[in-house]
Amino acid sequence: MISRIAVLASGGGSNLQALLDYLDSLGDDSPGEVVAVISDRPTAGALERARAHDIPACSIAKGADGAAELFRTLHDASVDLVVLAGYLRLVPPAVVHHYDGRLVNIHPALLPAFGGEGMYGLHVHQAVLDAGVRVTGATVHLVTEEYDRGSILAQWPVPVFPHDDAATLAARVLQVEHWLYPRVIHALAGRGEIVLDGAPPFSFTEPR
Ligand code: GAR
């Protein structure tokens, strides 16, 4: 069975793109297909990327109406798996409960550190730099009603270099996100186990 995947995104959608490219690369062996892209922002780049792939894309309103609309959109598209990819809103409780175990998020740090409300995008990387830690990374986890608190499914470390700023660190972590997230989604959609195929096909060395 091919899993029907919805991606929720607020931003540019590079993780959405990485997932689409990965599933495309599997051809007939792909365990899933992205059947809906939903945003809370009508101008999100992720919506453009979806439309370029002929995937139905829409933005939903804030508040109670938006929660009902989100639930209805997922239901109408017969979605099996919900993937948050840079989605900055709390997922409404009805959606969390209905998709329990089938709703995942990627966070650009090693949870449970540097997570929670307000920890998104460059804020996360700045907090990592401010704390002076030498290793950060990416975490894929199940989504609950609280930000970044669900069970961890996979993590991958990324070094922090002395001359990093939030942008250079974000770019390095994003490379790992693009490798890690599609593989975890592959596992959830079809394989039944998370296979990370060794290590990412790149390594990080400190710039001189
Ligand atoms: C990614 O780095 C993702 O991990 C992060 O937002 C970025 C979205 O980039 N998510 C969070 O910070 C959630 N707390 P993208 O739109 O290019 O995929």
# chains A, B, ... in the order shown; residues from 1 in each chain; ligands from 1

$ residues_near_ligand --ligand "ligand 1" --cutoff "7 Å" --atoms "only C-alpha atoms and all ligand atoms" --output "PyMOL selection string"
chain A and resi 9-16+46+85-88+106-108+119-121+124+170+174+177

$ select_by_dssp --residues "chain A" --states "strand (DSSP E or B)" --output "PyMOL selection string"
chain A and resi 3-8+32-39+57-59+81-84+103-107+135-142+152-159

$ closest_residue --among "A:Ala199, A:Ala138, A:Glu69, A:Pro42" --to "Ala171 (chain A)" --atoms "only C-alpha atoms"
A:Ala138

$ atom_distance --atom1 "CA of Ala77 (chain A)" --atom2 "CA of Val37 (chain A)"
10.5 Å

$ residues_around --residues "Phe204 (chain A)" --least-positions-apart "4" --cutoff "9 Å" --atoms "only C-alpha atoms" --output "ChimeraX atom specification"
/A:158-159,172

$ closest_atom_pairs --of "region 13-40 of chain A" --to "region 47-54 of chain A" --cutoff "12 Å" --atoms "only C-alpha atoms" --output "CSV"
residue,atom,partner,partner_atom,distance
A:Gly13,CA,A:Arg49,CA,7.2
A:Ser14,CA,A:Arg49,CA,8.8
A:Asn15,CA,A:Arg49,CA,10.7
A:Leu16,CA,A:Arg49,CA,8.0
A:Gln17,CA,A:Arg49,CA,7.0
A:Ala18,CA,A:Arg49,CA,10.8
A:Leu19,CA,A:Ala50,CA,11.3
A:Leu20,CA,A:His53,CA,8.6
A:Asp21,CA,A:His53,CA,10.4
A:Asp24,CA,A:His53,CA,10.8
A:Glu33,CA,A:His53,CA,11.4
A:Val34,CA,A:Ala50,CA,8.9
A:Val35,CA,A:Asp54,CA,9.3
A:Ala36,CA,A:Ala50,CA,8.0
A:Val37,CA,A:Ala50,CA,6.4
A:Ile38,CA,A:Leu47,CA,7.3
A:Ser39,CA,A:Leu47,CA,7.2
A:Asp40,CA,A:Leu47,CA,10.3

$ select_by_dssp --residues "region 74-129 of chain A" --states "alpha helix (DSSP H)" --output "PyMOL selection string"
chain A and resi 74-76+93-98+121-129

$ residues_around --residues "region 79-84 of chain A" --least-positions-apart "4" --cutoff "6 Å" --atoms "only C-alpha atoms" --output "list in words"
Ser3, Arg4, Ile5, Ala6, Val7, Leu8, Leu74, Arg102, Leu103, Val104 and Asn105 of chain A

$ atom_distance --atom1 "CA of Leu129 (chain A)" --atom2 "CA of Val91 (chain A)"
28.3 Å

$ closest_residue --among "A:Glu206, A:Asp28, A:Asp76, A:Asp165" --to "His123 (chain A)" --atoms "only C-alpha atoms"
A:Asp165

$ residues_around --residues "Gly150 (chain A)" --least-positions-apart "6" --cutoff "9 Å" --atoms "only C-alpha atoms" --output "list in words"
Val104, His141, Leu142, Val143 and Thr144 of chain A

$ decode --residues "region 2-59 of chain A" --atoms "C-alpha atoms" --output "mmCIF file, in the first residue's frame"
data_model
loop_
_atom_site.group_PDB
_atom_site.id
_atom_site.type_symbol
_atom_site.label_atom_id
_atom_site.label_comp_id
_atom_site.auth_asym_id
_atom_site.auth_seq_id
_atom_site.Cartn_x
_atom_site.Cartn_y
_atom_site.Cartn_z
ATOM 1 C CA ILE A 2 1.264 3.480 -0.841
ATOM 2 C CA SER A 3 0.958 5.843 2.135
ATOM 3 C CA ARG A 4 -0.807 9.089 1.476
ATOM 4 C CA ILE A 5 1.316 11.845 3.012
ATOM 5 C CA ALA A 6 0.344 15.410 3.907
ATOM 6 C CA VAL A 7 3.094 17.951 4.534
ATOM 7 C CA LEU A 8 2.424 20.990 6.738
ATOM 8 C CA ALA A 9 4.905 23.831 6.226
ATOM 9 C CA SER A 10 5.115 27.525 7.103
ATOM 10 C CA GLY A 11 8.278 28.494 5.241
ATOM 11 C CA GLY A 12 10.372 27.934 2.168
ATOM 12 C CA GLY A 13 9.806 24.196 2.102
ATOM 13 C CA SER A 14 13.310 22.852 1.493
ATOM 14 C CA ASN A 15 12.448 19.793 3.624
ATOM 15 C CA LEU A 16 9.323 19.285 1.522
ATOM 16 C CA GLN A 17 11.512 19.464 -1.589
ATOM 17 C CA ALA A 18 13.981 16.951 -0.143
ATOM 18 C CA LEU A 19 11.101 14.556 0.555
ATOM 19 C CA LEU A 20 9.640 14.951 -2.936
ATOM 20 C CA ASP A 21 13.063 14.383 -4.531
ATOM 21 C CA TYR A 22 13.716 11.338 -2.351
ATOM 22 C CA LEU A 23 10.339 9.727 -3.096
ATOM 23 C CA ASP A 24 10.814 10.470 -6.810
ATOM 24 C CA SER A 25 14.239 8.818 -6.693
ATOM 25 C CA LEU A 26 12.624 5.587 -5.434
ATOM 26 C CA GLY A 27 10.363 5.399 -8.466
ATOM 27 C CA ASP A 28 7.979 2.430 -8.311
ATOM 28 C CA ASP A 29 9.493 1.430 -4.954
ATOM 29 C CA SER A 30 8.319 4.612 -3.285
ATOM 30 C CA PRO A 31 6.323 3.743 -0.146
ATOM 31 C CA GLY A 32 4.389 6.983 -0.178
ATOM 32 C CA GLU A 33 3.206 9.956 -2.121
ATOM 33 C CA VAL A 34 2.628 13.524 -1.006
ATOM 34 C CA VAL A 35 -1.062 14.189 -1.670
ATOM 35 C CA ALA A 36 -1.479 17.540 0.109
ATOM 36 C CA VAL A 37 0.629 20.475 1.237
ATOM 37 C CA ILE A 38 -0.941 22.767 3.796
ATOM 38 C CA SER A 39 0.360 26.017 5.230
ATOM 39 C CA ASP A 40 -0.726 28.598 7.757
ATOM 40 C CA ARG A 41 0.840 31.252 5.477
ATOM 41 C CA PRO A 42 -0.591 31.924 2.015
ATOM 42 C CA THR A 43 2.821 33.149 0.813
ATOM 43 C CA ALA A 44 4.823 30.128 2.024
ATOM 44 C CA GLY A 45 7.353 28.964 -0.547
ATOM 45 C CA ALA A 46 6.332 25.386 0.269
ATOM 46 C CA LEU A 47 2.982 26.016 -1.457
ATOM 47 C CA GLU A 48 4.792 27.058 -4.637
ATOM 48 C CA ARG A 49 6.952 23.953 -4.531
ATOM 49 C CA ALA A 50 3.832 21.804 -4.140
ATOM 50 C CA ARG A 51 2.067 23.439 -7.071
ATOM 51 C CA ALA A 52 5.169 22.949 -9.218
ATOM 52 C CA HIS A 53 4.711 19.213 -8.525
ATOM 53 C CA ASP A 54 0.951 19.315 -9.204
ATOM 54 C CA ILE A 55 0.253 18.570 -5.563
ATOM 55 C CA PRO A 56 -2.894 20.169 -4.099
ATOM 56 C CA ALA A 57 -1.769 23.031 -1.874
ATOM 57 C CA CYS A 58 -3.730 25.371 0.367
ATOM 58 C CA SER A 59 -3.355 27.730 3.284
#
